[in-house]
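Presented below is the structure to which this report refers.
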Amino acid sequence: MSSALLLQSLILGLLLGGLYALLAAGLTLYFGVMRVVMIAHSAFLILAAYLAWFFTTQTGLDPLLSLIITVPLFFAAGYGMQRALLSRLRPATLTMMSVLLTFAIALVIEGGLGYLFSGTQRRIQLGYSSASLELWGARIAVVKLVAFGLAAVSLLALYLLLKKTRFGQALRATIQHREAAQLLGIDTDRIAGFGFGLGLATAAVGGTALALDATIYPSLHWHWIGPLMAIIVIGGLGSIPGAAIAAMLLGVTQALLQIPMGTTWAQTVFYLALFATLMFRPQGFFGGRLAQRF
Amino acid sequence: MSEPLLELRDIEAGYGRAALVLRGLTVTVPAGQIVCLVGPNGAGKSTVLKVASGMLTPRSGTITVDGVDVTRNGPQQMLRAGMAHVLQGHSVFKEMTVAENVGLGAYTVRDQAAVAERTDFVKTLFPVVAERWHTLAGALSGGQQKQVEFARSLMVSPKVVLLDEPSMGLDPKTTATVFEQVVRMRDAGLAVLLVEQNARRALESADLGCVLDLGKVHIAGPAADLLADPRMAELYLGGAASRLEEGKAR
Ligand SMILES: Nc1ncnc2c1ncn2[C@@H]1O[C@H](COP(=O)(O)OP(=O)(O)OP(=O)(O)O)[C@@H](O)[C@H]1O
Ligand SMILES: [Mg+2]
């Protein structure tokens, strides 16, 4: 294996890991805020990718501009979904029932996409689709860099929002001790709704980033949800930094394994890592210490 | 006796469709005094505080603060009416710093000058808060976390603080510190409704006392009288007094 190929895989892995990290952050928020397992997260991801594709084919504008519509739309949808559906589940069975409910939502989205856009594979054609940069012999597609940049900027924004704003403080307080937060005058129901909206907004950004560089079809979300769930368990449910670190490590491992094993088998790294985590460290690698830290 | 600041009258309350927990309970808290609520596990002590802070709406009865009816208020309105509730067990935001915890205490206060002034006040009242300002609250000892919770609850300048078993799980020395601080809160002009298992120790610090069982107040009066009351000794205080009673009976 040449060192240029190795370097190329390493960089591609890091770039992919950035997207995983953003999406896993969304999943972590749902779980942290409400103990909800959100199977439909990746379905929303594909929905956003379709919206970006549709936007570009209809207007001829850059898919990144579709974010102006999809981010607020998804935020509102997340808020509505939490308030209208998820908050009505009984606390005692919330986590289990949320799996069923969001599974149903994923199926509805997949069906809707198939109905509207057919099962045909779609891909955005851009002026810079085939452009690439060369770095010490490694070729990196520009679209992958743009996707990573988008993910990195969004993660940074999410971090600053949670860490530095009044809303972020209230959200973290709600996650960490809901009753105490309520007693300080925080409207925890609204905040939980906003937290959910924020999670879904990460799917909007992620979907746009994905659309830049991937062929999409309605059932593609099943390829994403498994790895994402594995990432948040390995990261220690509820820990955004933990999820981000696990996402980067697994993204890189996956990319490196693709060289000898091919894409399909390289995916198994997520499940192997998941089994290993459940066997040796079921609380996840960053749970407890880093859990809920931001 | 002074005018009651907080009054819970004929309160009936319970959780969901389950049986009533409070069955016609009346408790009054005068301004600037410590009222201590004692009673066995499951008597409904925490429930009284939840009703007073708006976390649980009573099925019947009235709650007044300074003569104003606040019976149907939710937690946010109760906070505005002057109630601050420190929960039983630990309720700091563990993965946030002491500074962030105390800052969140002033979540509803918009006036930054008032917040700064209040922060200085709680830092003097609870030295640990000032010393460990940048530490993650979860890394503090149980007693230190309690002080952070006290400080956080005082940021809104409440009229009444509702303290649910603040000495739970603390060693004797730290317990003494906590009771000292409760007295200092009163001396700073606050009214305190204090729930305690540590009945004898709490009644020694309190001005008034109530004994709660099965959702009703059975004995109420000046704390000193309760301490001397033979029924109290027999029922809840345990220790020397009840053994003394036994001795007499023999
Ligand atoms: N959230 C709840 N849902 C249902 N029932 C509850 C709830 N909280 C308390 N109860 C019930 O209400 C009754 C009184 O509980 P409460 O917590 O007020 O007692 P307590 O006097 O504070 O006891 P302890 O000394 O153990 O703290 C108990 O029978 C308890 O089972
Ligand atoms: Mg209690």
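Naming works like this for the structure tokens: A, B, ... for the chains as they're shown, residue 1 at the start of each chain, ligands 1 onward in shown order.
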With 10 Å as the limit and counting only C-alpha atoms, what residues in chain B lie close to chain A? Please list them as a ChimeraX atom specification.
/B:50,53-55,74-80,83-87,90-96,100-101,103-109,136,149,152-153,155-156
Residues of region 47-162 of chain A in strand (DSSP E) according to DSSP, as a PyMOL selection string?
chain A and resi 132-135+138-141
Please produce an output containing all heavy atoms for each residue in the selection, written as a PDB file, in the first residue's frame.
ATOM      1  N   SER A 132     -10.622  18.535  -7.626  1.00  0.00           N
ATOM      2  CA  SER A 132      -9.956  17.979  -6.452  1.00  0.00           C
ATOM      3  C   SER A 132      -8.657  18.706  -6.175  1.00  0.00           C
ATOM      4  O   SER A 132      -8.103  19.381  -7.045  1.00  0.00           O
ATOM      5  CB  SER A 132      -9.711  16.479  -6.645  1.00  0.00           C
ATOM      6  OG  SER A 132      -8.838  16.291  -7.738  1.00  0.00           O
ATOM      7  N   LEU A 133      -8.189  18.563  -4.957  1.00  0.00           N
ATOM      8  CA  LEU A 133      -6.920  19.154  -4.556  1.00  0.00           C
ATOM      9  C   LEU A 133      -5.900  18.046  -4.415  1.00  0.00           C
ATOM     10  O   LEU A 133      -6.239  16.922  -4.086  1.00  0.00           O
ATOM     11  CB  LEU A 133      -7.070  19.827  -3.191  1.00  0.00           C
ATOM     12  CG  LEU A 133      -7.987  21.034  -3.100  1.00  0.00           C
ATOM     13  CD1 LEU A 133      -7.983  21.567  -1.677  1.00  0.00           C
ATOM     14  CD2 LEU A 133      -7.523  22.113  -4.075  1.00  0.00           C
ATOM     15  N   GLU A 134      -4.644  18.396  -4.634  1.00  0.00           N
ATOM     16  CA  GLU A 134      -3.624  17.390  -4.428  1.00  0.00           C
ATOM     17  C   GLU A 134      -2.752  17.783  -3.247  1.00  0.00           C
ATOM     18  O   GLU A 134      -2.314  18.923  -3.126  1.00  0.00           O
ATOM     19  CB  GLU A 134      -2.780  17.221  -5.686  1.00  0.00           C
ATOM     20  CG  GLU A 134      -1.942  15.978  -5.600  1.00  0.00           C
ATOM     21  CD  GLU A 134      -1.613  15.418  -6.982  1.00  0.00           C
ATOM     22  OE1 GLU A 134      -2.376  15.664  -7.934  1.00  0.00           O
ATOM     23  OE2 GLU A 134      -0.579  14.756  -7.080  1.00  0.00           O
ATOM     24  N   LEU A 135      -2.586  16.826  -2.336  1.00  0.00           N
ATOM     25  CA  LEU A 135      -1.840  17.075  -1.110  1.00  0.00           C
ATOM     26  C   LEU A 135      -0.834  15.947  -0.930  1.00  0.00           C
ATOM     27  O   LEU A 135      -1.229  14.820  -0.651  1.00  0.00           O
ATOM     28  CB  LEU A 135      -2.813  17.065   0.073  1.00  0.00           C
ATOM     29  CG  LEU A 135      -2.934  18.346   0.883  1.00  0.00           C
ATOM     30  CD1 LEU A 135      -4.377  18.637   1.159  1.00  0.00           C
ATOM     31  CD2 LEU A 135      -2.159  18.221   2.166  1.00  0.00           C
ATOM     32  N   ALA A 138      -1.883  12.791  -2.382  1.00  0.00           N
ATOM     33  CA  ALA A 138      -3.246  12.325  -2.118  1.00  0.00           C
ATOM     34  C   ALA A 138      -4.226  13.257  -2.815  1.00  0.00           C
ATOM     35  O   ALA A 138      -4.054  14.469  -2.782  1.00  0.00           O
ATOM     36  CB  ALA A 138      -3.497  12.314  -0.613  1.00  0.00           C
ATOM     37  N   ARG A 139      -5.234  12.668  -3.457  1.00  0.00           N
ATOM     38  CA  ARG A 139      -6.237  13.494  -4.136  1.00  0.00           C
ATOM     39  C   ARG A 139      -7.493  13.596  -3.271  1.00  0.00           C
ATOM     40  O   ARG A 139      -8.077  12.592  -2.912  1.00  0.00           O
ATOM     41  CB  ARG A 139      -6.609  12.894  -5.501  1.00  0.00           C
ATOM     42  CG  ARG A 139      -5.447  12.832  -6.477  1.00  0.00           C
ATOM     43  CD  ARG A 139      -5.942  12.472  -7.870  1.00  0.00           C
ATOM     44  NE  ARG A 139      -6.738  13.560  -8.457  1.00  0.00           N
ATOM     45  CZ  ARG A 139      -6.179  14.641  -9.019  1.00  0.00           C
ATOM     46  NH1 ARG A 139      -4.883  14.767  -9.063  1.00  0.00           N
ATOM     47  NH2 ARG A 139      -6.941  15.570  -9.535  1.00  0.00           N
ATOM     48  N   ILE A 140      -7.896  14.835  -2.962  1.00  0.00           N
ATOM     49  CA  ILE A 140      -9.072  15.031  -2.116  1.00  0.00           C
ATOM     50  C   ILE A 140     -10.107  15.847  -2.879  1.00  0.00           C
ATOM     51  O   ILE A 140      -9.819  16.962  -3.319  1.00  0.00           O
ATOM     52  CB  ILE A 140      -8.693  15.803  -0.823  1.00  0.00           C
ATOM     53  CG1 ILE A 140      -7.497  15.155  -0.121  1.00  0.00           C
ATOM     54  CG2 ILE A 140      -9.889  15.903   0.112  1.00  0.00           C
ATOM     55  CD1 ILE A 140      -7.725  13.749   0.343  1.00  0.00           C
ATOM     56  N   ALA A 141     -11.304  15.287  -3.022  1.00  0.00           N
ATOM     57  CA  ALA A 141     -12.361  15.985  -3.756  1.00  0.00           C
ATOM     58  C   ALA A 141     -12.779  17.245  -3.000  1.00  0.00           C
ATOM     59  O   ALA A 141     -12.902  17.231  -1.770  1.00  0.00           O
ATOM     60  CB  ALA A 141     -13.565  15.066  -3.929  1.00  0.00           C
TER      61      ALA A 141
END
With a distance cut-off of 10 Å and only C-alpha atoms, select the neighbouring residues of region 110-125 of chain A, excluding the residue or stretch itself and same-chain residues fewer than 5 positions from it, and output the selection as a VMD selection string.
chain A and resid 40 43 to 44 46 to 47 49 to 54 56 to 57 60 62 to 63 104 to 105 130 211 to 222
Test item: residues lying within 7 Å of ligand 1 with only C-alpha atoms and all ligand atoms, as a list in words:
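Taking only C-alpha atoms and all ligand atoms into account, the residues around ligand 1 at most 7 Å away are Gly14, Tyr15, Val21, Gly39, Pro40, Asn41, Gly42, Ala43, Gly44, Lys45, Ser46, Thr47, Val48 and Gln197 of chain B.
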Generate a file of the selected residues that holds N, CA, C and O atoms, formatted as a PDB file, in the first residue's frame.
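As a result, result-v3.pdb now contains:
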ATOM      1  N   GLY B  14     -52.321  14.874  45.679  1.00  0.00           N
ATOM      2  CA  GLY B  14     -51.837  13.523  45.432  1.00  0.00           C
ATOM      3  C   GLY B  14     -51.244  13.452  44.037  1.00  0.00           C
ATOM      4  O   GLY B  14     -51.269  14.438  43.299  1.00  0.00           O
ATOM      5  N   TYR B  15     -50.708  12.293  43.706  1.00  0.00           N
ATOM      6  CA  TYR B  15     -50.057  12.125  42.402  1.00  0.00           C
ATOM      7  C   TYR B  15     -50.980  11.362  41.453  1.00  0.00           C
ATOM      8  O   TYR B  15     -51.414  10.263  41.778  1.00  0.00           O
ATOM      9  N   VAL B  21     -52.198  12.104  49.058  1.00  0.00           N
ATOM     10  CA  VAL B  21     -51.041  12.053  49.945  1.00  0.00           C
ATOM     11  C   VAL B  21     -51.236  13.067  51.072  1.00  0.00           C
ATOM     12  O   VAL B  21     -51.012  12.775  52.236  1.00  0.00           O
ATOM     13  N   GLY B  39     -41.484  14.186  60.387  1.00  0.00           N
ATOM     14  CA  GLY B  39     -42.446  13.101  60.229  1.00  0.00           C
ATOM     15  C   GLY B  39     -41.774  11.912  59.594  1.00  0.00           C
ATOM     16  O   GLY B  39     -40.693  12.039  59.028  1.00  0.00           O
ATOM     17  N   PRO B  40     -42.405  10.732  59.700  1.00  0.00           N
ATOM     18  CA  PRO B  40     -41.761   9.522  59.184  1.00  0.00           C
ATOM     19  C   PRO B  40     -41.667   9.505  57.656  1.00  0.00           C
ATOM     20  O   PRO B  40     -42.305  10.314  56.988  1.00  0.00           O
ATOM     21  N   ASN B  41     -40.899   8.586  57.117  1.00  0.00           N
ATOM     22  CA  ASN B  41     -40.775   8.426  55.661  1.00  0.00           C
ATOM     23  C   ASN B  41     -42.144   8.184  55.051  1.00  0.00           C
ATOM     24  O   ASN B  41     -42.941   7.420  55.576  1.00  0.00           O
ATOM     25  N   GLY B  42     -42.391   8.864  53.958  1.00  0.00           N
ATOM     26  CA  GLY B  42     -43.658   8.653  53.268  1.00  0.00           C
ATOM     27  C   GLY B  42     -44.820   9.433  53.864  1.00  0.00           C
ATOM     28  O   GLY B  42     -45.955   9.306  53.424  1.00  0.00           O
ATOM     29  N   ALA B  43     -44.543  10.268  54.869  1.00  0.00           N
ATOM     30  CA  ALA B  43     -45.618  11.035  55.511  1.00  0.00           C
ATOM     31  C   ALA B  43     -46.188  12.085  54.555  1.00  0.00           C
ATOM     32  O   ALA B  43     -47.329  12.506  54.692  1.00  0.00           O
ATOM     33  N   GLY B  44     -45.386  12.517  53.593  1.00  0.00           N
ATOM     34  CA  GLY B  44     -45.840  13.544  52.652  1.00  0.00           C
ATOM     35  C   GLY B  44     -45.092  14.854  52.799  1.00  0.00           C
ATOM     36  O   GLY B  44     -45.527  15.887  52.277  1.00  0.00           O
ATOM     37  N   LYS B  45     -43.945  14.834  53.466  1.00  0.00           N
ATOM     38  CA  LYS B  45     -43.187  16.076  53.708  1.00  0.00           C
ATOM     39  C   LYS B  45     -42.731  16.709  52.400  1.00  0.00           C
ATOM     40  O   LYS B  45     -42.928  17.902  52.149  1.00  0.00           O
ATOM     41  N   SER B  46     -42.093  15.889  51.539  1.00  0.00           N
ATOM     42  CA  SER B  46     -41.633  16.423  50.248  1.00  0.00           C
ATOM     43  C   SER B  46     -42.814  16.916  49.426  1.00  0.00           C
ATOM     44  O   SER B  46     -42.707  17.908  48.697  1.00  0.00           O
ATOM     45  N   THR B  47     -43.937  16.232  49.553  1.00  0.00           N
ATOM     46  CA  THR B  47     -45.127  16.620  48.800  1.00  0.00           C
ATOM     47  C   THR B  47     -45.593  18.020  49.215  1.00  0.00           C
ATOM     48  O   THR B  47     -46.019  18.810  48.369  1.00  0.00           O
ATOM     49  N   VAL B  48     -45.498  18.336  50.509  1.00  0.00           N
ATOM     50  CA  VAL B  48     -45.868  19.681  50.976  1.00  0.00           C
ATOM     51  C   VAL B  48     -45.033  20.722  50.245  1.00  0.00           C
ATOM     52  O   VAL B  48     -45.544  21.725  49.735  1.00  0.00           O
ATOM     53  N   GLN B 197     -35.296  14.861  58.702  1.00  0.00           N
ATOM     54  CA  GLN B 197     -35.358  13.587  59.412  1.00  0.00           C
ATOM     55  C   GLN B 197     -34.648  13.723  60.750  1.00  0.00           C
ATOM     56  O   GLN B 197     -35.003  13.103  61.734  1.00  0.00           O
TER      57      GLN B 197
END
Contacts of Ala157 (chain A) at 12 Å (only C-alpha atoms; same-chain gap of 3+ positions) as a PyMOL selection string
chain A and resi 22+25+150-154+160-165+168+198+201-202+205
Residue subset to file, keeping N, CA and C atoms, as a PDB file, in the first residue's frame:
ATOM      1  N   LEU A  22     -21.222  15.361  13.389  1.00  0.00           N
ATOM      2  CA  LEU A  22     -22.345  16.301  13.421  1.00  0.00           C
ATOM      3  C   LEU A  22     -23.665  15.550  13.613  1.00  0.00           C
ATOM      4  N   ALA A  25     -24.038  14.102  16.996  1.00  0.00           N
ATOM      5  CA  ALA A  25     -24.354  15.139  17.977  1.00  0.00           C
ATOM      6  C   ALA A  25     -25.861  15.334  18.064  1.00  0.00           C
ATOM      7  N   LEU A 150     -18.629  22.364   6.357  1.00  0.00           N
ATOM      8  CA  LEU A 150     -20.002  22.615   6.798  1.00  0.00           C
ATOM      9  C   LEU A 150     -20.257  21.925   8.146  1.00  0.00           C
ATOM     10  N   ALA A 151     -19.816  20.673   8.227  1.00  0.00           N
ATOM     11  CA  ALA A 151     -20.011  19.915   9.466  1.00  0.00           C
ATOM     12  C   ALA A 151     -19.232  20.556  10.608  1.00  0.00           C
ATOM     13  N   ALA A 152     -17.991  20.953  10.316  1.00  0.00           N
ATOM     14  CA  ALA A 152     -17.139  21.514  11.368  1.00  0.00           C
ATOM     15  C   ALA A 152     -17.709  22.837  11.869  1.00  0.00           C
ATOM     16  N   VAL A 153     -18.131  23.688  10.946  1.00  0.00           N
ATOM     17  CA  VAL A 153     -18.697  24.981  11.344  1.00  0.00           C
ATOM     18  C   VAL A 153     -19.970  24.766  12.167  1.00  0.00           C
ATOM     19  N   SER A 154     -20.799  23.799  11.754  1.00  0.00           N
ATOM     20  CA  SER A 154     -22.047  23.550  12.480  1.00  0.00           C
ATOM     21  C   SER A 154     -21.773  23.009  13.882  1.00  0.00           C
ATOM     22  N   LEU A 160     -20.825  26.411  20.703  1.00  0.00           N
ATOM     23  CA  LEU A 160     -20.938  27.759  21.258  1.00  0.00           C
ATOM     24  C   LEU A 160     -22.352  28.031  21.762  1.00  0.00           C
ATOM     25  N   LEU A 161     -23.327  27.548  21.018  1.00  0.00           N
ATOM     26  CA  LEU A 161     -24.723  27.742  21.414  1.00  0.00           C
ATOM     27  C   LEU A 161     -24.994  27.104  22.769  1.00  0.00           C
ATOM     28  N   LEU A 162     -24.511  25.854  22.928  1.00  0.00           N
ATOM     29  CA  LEU A 162     -24.775  25.137  24.174  1.00  0.00           C
ATOM     30  C   LEU A 162     -23.980  25.701  25.340  1.00  0.00           C
ATOM     31  N   LYS A 163     -22.787  26.182  25.020  1.00  0.00           N
ATOM     32  CA  LYS A 163     -21.867  26.572  26.078  1.00  0.00           C
ATOM     33  C   LYS A 163     -22.034  28.034  26.499  1.00  0.00           C
ATOM     34  N   LYS A 164     -22.326  28.889  25.526  1.00  0.00           N
ATOM     35  CA  LYS A 164     -22.227  30.321  25.814  1.00  0.00           C
ATOM     36  C   LYS A 164     -23.550  31.074  25.896  1.00  0.00           C
ATOM     37  N   THR A 165     -24.626  30.476  25.426  1.00  0.00           N
ATOM     38  CA  THR A 165     -25.867  31.251  25.417  1.00  0.00           C
ATOM     39  C   THR A 165     -26.773  30.860  26.578  1.00  0.00           C
ATOM     40  N   GLY A 168     -28.545  27.749  25.739  1.00  0.00           N
ATOM     41  CA  GLY A 168     -27.693  26.579  25.888  1.00  0.00           C
ATOM     42  C   GLY A 168     -27.563  26.162  27.346  1.00  0.00           C
ATOM     43  N   LEU A 198     -33.091  21.469  17.500  1.00  0.00           N
ATOM     44  CA  LEU A 198     -31.664  21.623  17.242  1.00  0.00           C
ATOM     45  C   LEU A 198     -31.081  20.324  16.687  1.00  0.00           C
ATOM     46  N   ALA A 201     -32.066  19.984  13.191  1.00  0.00           N
ATOM     47  CA  ALA A 201     -31.330  20.933  12.351  1.00  0.00           C
ATOM     48  C   ALA A 201     -29.975  20.358  11.933  1.00  0.00           C
ATOM     49  N   THR A 202     -29.360  19.530  12.802  1.00  0.00           N
ATOM     50  CA  THR A 202     -28.090  18.907  12.411  1.00  0.00           C
ATOM     51  C   THR A 202     -28.314  17.957  11.231  1.00  0.00           C
ATOM     52  N   VAL A 205     -28.362  20.097   8.033  1.00  0.00           N
ATOM     53  CA  VAL A 205     -27.008  20.443   7.582  1.00  0.00           C
ATOM     54  C   VAL A 205     -26.309  19.210   7.025  1.00  0.00           C
TER      55      VAL A 205
END
Figure out the distance between CA of Gln147 (chain B) and CA of Arg200 (chain B), please, to one decimal in Å.
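Distance reported for this atom pair: 21.7 Å.
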Need the shell around Thr135 (chain B): protein/DNA/RNA residues with any atom at most 8 Å away, counting only C-alpha atoms. Skip same-chain ones fewer than 5 positions apart. Format as a ChimeraX atom specification?
/B:97-98,140
Would you put the residues from that selection into a file with N, CA and C atoms, as a CSV table (one decimal), in the first residue's frame?
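That gives us again.csv:
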chain,number,residue,atom,x,y,z
B,97,THR,N,-20.1,24.1,36.0
B,97,THR,CA,-19.3,24.6,37.1
B,97,THR,C,-20.2,25.3,38.1
B,98,VAL,N,-19.6,25.5,39.3
B,98,VAL,CA,-20.3,26.2,40.4
B,98,VAL,C,-20.8,27.5,39.8
B,140,LEU,N,-17.7,18.2,43.6
B,140,LEU,CA,-17.7,18.6,45.0
B,140,LEU,C,-18.2,17.5,45.9
Could you check how far CA of Ala84 (chain A) sits from CA of Ala244 (chain A), in Å to one decimal?
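Atom-to-atom, CA of Ala84 (chain A) to CA of Ala244 (chain A), that is 29.7 Å.
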Could you pull out the residues in region 53-201 of chain A that DSSP calls helix (DSSP H, G or I) from the backbone, as JSON, numbers by chain?
{"A": [53, 54, 55, 56, 57, 58, 59, 63, 64, 65, 66, 67, 68, 69, 70, 71, 72, 73, 74, 75, 76, 77, 78, 79, 80, 81, 82, 83, 84, 86, 87, 88, 91, 92, 93, 94, 95, 96, 97, 98, 99, 100, 101, 102, 103, 104, 105, 106, 107, 108, 109, 110, 111, 112, 113, 114, 115, 116, 117, 142, 143, 144, 145, 146, 147, 148, 149, 150, 151, 152, 153, 154, 155, 156, 157, 158, 159, 160, 161, 162, 163, 164, 166, 167, 168, 169, 170, 171, 172, 173, 174, 175, 176, 178, 179, 180, 181, 182, 183, 188, 189, 190, 191, 192, 193, 194, 195, 196, 197, 198, 199, 200, 201]}
Would you please work out which residue, of B:Met168, B:Leu227, B:Ala19, B:Val68, is nearest to ligand 2 when using only C-alpha atoms and all ligand atoms?
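Closest to ligand 2, using only C-alpha atoms and all ligand atoms: B:Met168.
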Long-range neighbours of Leu226 (chain B) as an mmCIF file with all heavy atoms, in the first residue's frame, 10 Å cut-off, only C-alpha atoms, 5 positions minimum in chain:
data_model
loop_
_atom_site.group_PDB
_atom_site.id
_atom_site.type_symbol
_atom_site.label_atom_id
_atom_site.label_comp_id
_atom_site.auth_asym_id
_atom_site.auth_seq_id
_atom_site.Cartn_x
_atom_site.Cartn_y
_atom_site.Cartn_z
ATOM 1 N N ARG B 200 -34.525 16.196 66.035
ATOM 2 C CA ARG B 200 -34.102 16.904 67.249
ATOM 3 C C ARG B 200 -33.203 18.083 66.890
ATOM 4 O O ARG B 200 -33.422 19.218 67.313
ATOM 5 C CB ARG B 200 -33.349 15.937 68.181
ATOM 6 C CG ARG B 200 -32.898 16.544 69.480
ATOM 7 C CD ARG B 200 -32.160 15.531 70.326
ATOM 8 N NE ARG B 200 -32.986 14.363 70.633
ATOM 9 C CZ ARG B 200 -33.948 14.355 71.566
ATOM 10 N NH1 ARG B 200 -34.204 15.441 72.280
ATOM 11 N NH2 ARG B 200 -34.656 13.280 71.797
ATOM 12 N N LEU B 203 -35.200 20.874 65.128
ATOM 13 C CA LEU B 203 -36.091 21.634 66.009
ATOM 14 C C LEU B 203 -35.296 22.575 66.906
ATOM 15 O O LEU B 203 -35.784 23.643 67.290
ATOM 16 C CB LEU B 203 -36.950 20.683 66.849
ATOM 17 C CG LEU B 203 -38.101 20.023 66.073
ATOM 18 C CD1 LEU B 203 -38.734 18.901 66.880
ATOM 19 C CD2 LEU B 203 -39.157 21.056 65.678
ATOM 20 N N GLU B 204 -34.057 22.185 67.222
ATOM 21 C CA GLU B 204 -33.216 23.069 68.039
ATOM 22 C C GLU B 204 -32.898 24.362 67.305
ATOM 23 O O GLU B 204 -32.715 25.400 67.923
ATOM 24 C CB GLU B 204 -31.925 22.346 68.451
ATOM 25 C CG GLU B 204 -32.170 21.388 69.616
ATOM 26 C CD GLU B 204 -31.040 20.381 69.823
ATOM 27 O OE1 GLU B 204 -29.979 20.519 69.167
ATOM 28 O OE2 GLU B 204 -31.222 19.472 70.630
ATOM 29 N N LEU B 208 -40.493 27.365 64.840
ATOM 30 C CA LEU B 208 -41.752 26.638 64.959
ATOM 31 C C LEU B 208 -41.571 25.234 64.420
ATOM 32 O O LEU B 208 -40.665 24.985 63.630
ATOM 33 C CB LEU B 208 -42.844 27.356 64.158
ATOM 34 C CG LEU B 208 -43.166 28.789 64.570
ATOM 35 C CD1 LEU B 208 -44.013 29.467 63.513
ATOM 36 C CD2 LEU B 208 -43.865 28.800 65.923
ATOM 37 N N GLY B 209 -42.457 24.340 64.832
ATOM 38 C CA GLY B 209 -42.371 22.979 64.325
ATOM 39 C C GLY B 209 -43.744 22.390 64.051
ATOM 40 O O GLY B 209 -44.740 22.830 64.634
ATOM 41 N N CYS B 210 -43.789 21.435 63.115
ATOM 42 C CA CYS B 210 -45.027 20.692 62.829
ATOM 43 C C CYS B 210 -44.655 19.235 62.716
ATOM 44 O O CYS B 210 -43.632 18.901 62.135
ATOM 45 C CB CYS B 210 -45.623 21.057 61.475
ATOM 46 S SG CYS B 210 -46.019 22.750 61.241
ATOM 47 N N VAL B 211 -45.507 18.377 63.229
ATOM 48 C CA VAL B 211 -45.298 16.954 63.026
ATOM 49 C C VAL B 211 -46.346 16.461 62.040
ATOM 50 O O VAL B 211 -47.547 16.665 62.226
ATOM 51 C CB VAL B 211 -45.425 16.172 64.348
ATOM 52 C CG1 VAL B 211 -45.190 14.689 64.085
ATOM 53 C CG2 VAL B 211 -44.440 16.703 65.355
ATOM 54 N N ILE B 219 -49.167 17.638 65.359
ATOM 55 C CA ILE B 219 -48.804 18.534 66.450
ATOM 56 C C ILE B 219 -48.130 19.743 65.825
ATOM 57 O O ILE B 219 -47.319 19.580 64.909
ATOM 58 C CB ILE B 219 -47.791 17.884 67.432
ATOM 59 C CG1 ILE B 219 -48.196 16.440 67.757
ATOM 60 C CG2 ILE B 219 -47.671 18.711 68.695
ATOM 61 C CD1 ILE B 219 -47.143 15.665 68.523
ATOM 62 N N ALA B 220 -48.456 20.952 66.271
ATOM 63 C CA ALA B 220 -47.770 22.142 65.766
ATOM 64 C C ALA B 220 -47.583 23.117 66.906
ATOM 65 O O ALA B 220 -48.388 23.147 67.834
ATOM 66 C CB ALA B 220 -48.585 22.789 64.654
ATOM 67 N N GLY B 221 -46.509 23.886 66.850
ATOM 68 C CA GLY B 221 -46.283 24.880 67.899
ATOM 69 C C GLY B 221 -44.846 25.330 67.900
ATOM 70 O O GLY B 221 -44.076 24.958 67.011
ATOM 71 N N ARG B 231 -45.366 13.334 73.561
ATOM 72 C CA ARG B 231 -45.879 12.594 72.396
ATOM 73 C C ARG B 231 -44.840 12.568 71.283
ATOM 74 O O ARG B 231 -44.669 11.577 70.586
ATOM 75 C CB ARG B 231 -47.143 13.269 71.862
ATOM 76 C CG ARG B 231 -48.347 13.123 72.758
ATOM 77 C CD ARG B 231 -49.506 13.930 72.215
ATOM 78 N NE ARG B 231 -49.205 15.353 72.207
ATOM 79 C CZ ARG B 231 -49.930 16.276 71.554
ATOM 80 N NH1 ARG B 231 -50.962 15.908 70.830
ATOM 81 N NH2 ARG B 231 -49.601 17.541 71.625
ATOM 82 N N MET B 232 -44.155 13.717 71.127
ATOM 83 C CA MET B 232 -43.100 13.830 70.132
ATOM 84 C C MET B 232 -42.017 12.817 70.406
ATOM 85 O O MET B 232 -41.563 12.093 69.531
ATOM 86 C CB MET B 232 -42.450 15.208 70.215
ATOM 87 C CG MET B 232 -43.089 16.252 69.381
ATOM 88 S SD MET B 232 -42.855 15.876 67.663
ATOM 89 C CE MET B 232 -41.081 15.948 67.532
ATOM 90 N N ALA B 233 -41.601 12.811 71.665
ATOM 91 C CA ALA B 233 -40.515 11.925 72.068
ATOM 92 C C ALA B 233 -40.861 10.493 71.701
ATOM 93 O O ALA B 233 -40.068 9.771 71.098
ATOM 94 C CB ALA B 233 -40.294 12.057 73.567
#
